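One structure below.
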Amino acid sequence: MLSIEEIKLLIEKLEKVEKSDLDKIVKQNLDILKELAITVDANNNEMINRLDKTINWFKLDNDKKKENPIVDALTKNAITKKIYQFAKTNLYNCLEIGPGNGMFSMDFRAWRLNYFVDVQRVEKHIRSMFPGPHQKYLKFYTTERAGCPDIPSNSCNLVFSWDTFVFMTQQHIKEYLQEIHRVLIPGGYCFIQYADCHYDFDLKEASRGYWNYNTKTAMAEIIADTGFREIEMNQFKPGANYAIFQKPGKQNPVVYKVSEITLD
């Protein structure tokens with residue numbers, strides 16, 4: 001039996017070839033698949049809430065990754081290089097969503113203040129990584145879903161997240177991007193990992209219930225619908241897909257230039 005992830009992916013592929021000579025067959029199959037997808041899809045709030053990971057789930061997952069990190073050294077280096085492209089001013093703050101074990105948290109020392117938001121308490125571990133003089137620049141918050149009103153509006157010129165948005169439903173991502181839009185200054189950037197189930201690796205993770213289903217096409221629509229301008233959507237390797245997008249405006253002195261960073 002097809003999983004909902006495979007059904008959605010098939011719908012997307014069929015829609016792209018609808019203008020070919022197979023129009024009639026495509027249309028028939030699309031109607032069938034769309035009815036099936038509507039029946040089993042997580043489009044109502046009850047199902048969305050059930051699919052969202054719990055705080056306890058994140059704690060257990062985080063503990064496993066302490067012993068077995070899932071980001072290899074080459075990928076981590078490539079991500080860090082991307083982060084450094086935004087570290088060209090200390091006039092503003094940065095926000096890391098879902099820092100977990102703090103794999104990238106030390107990369108934000110160039111910013112004025114470092115905000116960290118997670119569903120679990122990560123302050124003690126991440127603070128231990130920073131030298132004493134830097135402690136006053138670290139701010140930690142917990143959230144139950146997406147909101148963090150304690151972080152001022154228009155205060156950050158970068159929001160970063162890795163290994164977090166892959167676990168969120170599309171509705172949850174929309175909610176979070178609305179909050180990110182509030183936090184960013186005009187011209188601020190967001191750099192996040194997301195699941196792209198056009199690729200077998202991501203589709204497998206979604207099919208087994210570890211990640212939540214998403215695609216590049218859907219993510220681009222979410223980015224546009226929440227008022228951002230898409231800058232770059234690419235991958236370091238399968239399973240390491242990222243999106244960089246910008247809040248409209250010219251307040252940010254940093255101008256990100258799209259560039260290929262290889263895993264070497």
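Residue numbers start at 1 in each chain; chains themselves are named A, B, ... in the order of the structure tokens; ligands are numbered from 1 in the order shown.
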Non-local contacts of Ile173 (chain A) (10 Å; only C-alpha atoms; under 6 positions in same chain excluded) as an mmCIF file with N, CA and C atoms, in the first residue's frame:
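Everything below was put into selection-v5.cif:
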```cif
data_model
loop_
_atom_site.group_PDB
_atom_site.id
_atom_site.type_symbol
_atom_site.label_atom_id
_atom_site.label_comp_id
_atom_site.auth_asym_id
_atom_site.auth_seq_id
_atom_site.Cartn_x
_atom_site.Cartn_y
_atom_site.Cartn_z
ATOM 1 N N ALA A 146 5.779 27.361 18.654
ATOM 2 C CA ALA A 146 6.470 28.216 17.689
ATOM 3 C C ALA A 146 6.718 29.621 18.207
ATOM 4 N N PHE A 165 13.406 21.639 11.677
ATOM 5 C CA PHE A 165 12.225 21.820 10.830
ATOM 6 C C PHE A 165 11.871 20.553 10.053
ATOM 7 N N VAL A 166 12.789 19.606 9.959
ATOM 8 C CA VAL A 166 12.479 18.336 9.287
ATOM 9 C C VAL A 166 11.444 17.534 10.070
ATOM 10 N N PHE A 167 11.287 17.836 11.363
ATOM 11 C CA PHE A 167 10.342 17.110 12.207
ATOM 12 C C PHE A 167 8.969 17.769 12.266
ATOM 13 N N GLU A 179 6.512 33.719 12.985
ATOM 14 C CA GLU A 179 7.233 34.237 14.140
ATOM 15 C C GLU A 179 8.629 34.702 13.741
ATOM 16 N N TYR A 194 15.378 21.652 5.807
ATOM 17 C CA TYR A 194 14.008 21.167 5.675
ATOM 18 C C TYR A 194 14.047 19.818 4.956
ATOM 19 N N ASN A 214 7.571 16.822 3.539
ATOM 20 C CA ASN A 214 7.700 18.147 2.937
ATOM 21 C C ASN A 214 8.446 17.985 1.623
ATOM 22 N N MET A 219 7.819 23.814 0.293
ATOM 23 C CA MET A 219 8.577 24.735 1.130
ATOM 24 C C MET A 219 8.679 26.110 0.472
ATOM 25 N N ILE A 222 5.459 27.905 1.072
ATOM 26 C CA ILE A 222 5.354 28.375 2.450
ATOM 27 C C ILE A 222 6.185 29.639 2.648
ATOM 28 N N ILE A 223 7.385 29.637 2.088
ATOM 29 C CA ILE A 223 8.273 30.801 2.186
ATOM 30 C C ILE A 223 7.600 32.031 1.588
#
```
Write out as a CSV table (one decimal) with N, CA and C atoms, in the first residue's frame the residues lying within 9 Å of Met103 (chain A), counting only C-alpha atoms and excluding same-chain residues fewer than 6 positions away.
```
chain,number,residue,atom,x,y,z
A,69,PRO,N,26.2,11.6,16.8
A,69,PRO,CA,25.8,12.8,16.0
A,69,PRO,C,25.5,12.4,14.6
A,71,VAL,N,25.2,14.6,11.9
A,71,VAL,CA,25.9,15.4,11.0
A,71,VAL,C,27.4,15.1,10.9
A,76,LYS,N,29.1,19.4,8.4
A,76,LYS,CA,29.1,20.4,9.5
A,76,LYS,C,30.0,21.6,9.0
```
Which parts of region 69-179 of chain A does DSSP call alpha helix (DSSP H) when run on the backbone here, written out as a PyMOL selection string?
-> chain A and resi 73-84+123-127+170-179
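Our summary of the geometry notes that CA of Tyr242 (chain A) is positioned 21.9 Å from CA of Asn68 (chain A).
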Filtered DSSP result for region 31-251 of chain A, state strand (DSSP E), as a PyMOL selection string | chain A and resi 93-97+114-118+138-142+156-161+184-193+229-235+241-246
Written selection (C-alpha atoms) as an mmCIF file, in the first residue's frame:
```
data_model
loop_
_atom_site.group_PDB
_atom_site.id
_atom_site.type_symbol
_atom_site.label_atom_id
_atom_site.label_comp_id
_atom_site.auth_asym_id
_atom_site.auth_seq_id
_atom_site.Cartn_x
_atom_site.Cartn_y
_atom_site.Cartn_z
ATOM 1 C CA ASN A 93 21.441 39.594 17.117
ATOM 2 C CA CYS A 94 20.951 36.073 15.848
ATOM 3 C CA LEU A 95 18.487 33.357 16.784
ATOM 4 C CA GLU A 96 19.109 29.615 16.690
ATOM 5 C CA ILE A 97 15.969 27.478 16.778
ATOM 6 C CA ASN A 114 22.817 35.002 20.741
ATOM 7 C CA TYR A 115 19.202 33.923 21.253
ATOM 8 C CA PHE A 116 18.475 30.200 21.590
ATOM 9 C CA VAL A 117 14.963 28.715 21.483
ATOM 10 C CA ASP A 118 14.161 25.066 22.086
ATOM 11 C CA LEU A 138 23.614 34.370 25.611
ATOM 12 C CA LYS A 139 19.822 34.360 25.987
ATOM 13 C CA PHE A 140 17.810 31.132 26.334
ATOM 14 C CA TYR A 141 14.088 30.537 25.931
ATOM 15 C CA THR A 142 11.754 27.563 25.738
ATOM 16 C CA CYS A 156 17.818 39.727 14.553
ATOM 17 C CA ASN A 157 19.475 39.755 11.169
ATOM 18 C CA LEU A 158 19.852 35.951 11.061
ATOM 19 C CA VAL A 159 17.696 33.027 12.144
ATOM 20 C CA PHE A 160 19.292 29.598 11.833
ATOM 21 C CA SER A 161 18.056 26.061 12.423
ATOM 22 C CA LEU A 184 13.922 39.521 11.767
ATOM 23 C CA ILE A 185 14.891 43.051 10.818
ATOM 24 C CA PRO A 186 13.918 44.228 7.312
ATOM 25 C CA GLY A 187 16.451 42.519 5.064
ATOM 26 C CA GLY A 188 17.250 39.809 7.647
ATOM 27 C CA TYR A 189 17.923 36.244 6.544
ATOM 28 C CA CYS A 190 16.737 32.811 7.593
ATOM 29 C CA PHE A 191 18.840 29.682 6.961
ATOM 30 C CA ILE A 192 17.134 26.377 7.825
ATOM 31 C CA GLN A 193 17.215 22.702 6.993
ATOM 32 C CA ARG A 229 11.816 36.252 -0.634
ATOM 33 C CA GLU A 230 13.467 32.982 -1.613
ATOM 34 C CA ILE A 231 17.245 33.364 -1.980
ATOM 35 C CA GLU A 232 18.616 29.843 -2.270
ATOM 36 C CA MET A 233 17.261 26.297 -2.012
ATOM 37 C CA ASN A 234 19.889 23.612 -2.364
ATOM 38 C CA GLN A 235 21.469 20.665 -0.599
ATOM 39 C CA ASN A 241 18.573 20.204 2.168
ATOM 40 C CA TYR A 242 18.478 23.851 3.118
ATOM 41 C CA ALA A 243 16.552 27.009 2.329
ATOM 42 C CA ILE A 244 17.847 30.567 2.659
ATOM 43 C CA PHE A 245 15.231 33.306 2.445
ATOM 44 C CA GLN A 246 14.984 36.976 3.316
#
```
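Our summary of the geometry notes that CA of Glu205 (chain A) is positioned 10.0 Å from CA of Glu5 (chain A).
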Work out how far apart CA of Pro253 (chain A) and CA of Phe86 (chain A) are and give it in Å to one decimal.
->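 A separation of 9.8 Å between them.
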Pick from A:Lys204, A:Lys237, A:Lys59, A:Arg145: nearest to Ile79 (chain A), with only C-alpha atoms counted?
->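 Selected residue with least distance to Ile79 (chain A): A:Lys237.
Proximity ranking of A:His172, A:Thr164, A:Phe58, A:Asn154 relative to Gln120 (chain A) places A:Phe58 first, based on only C-alpha atoms.
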For Asn62 (chain A), which residue among A:Glu221, A:Gly100, A:Thr89, A:Met168 is the nearest when counting only C-alpha atoms?
->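 For Asn62 (chain A), the nearest of the given residues is A:Gly100.
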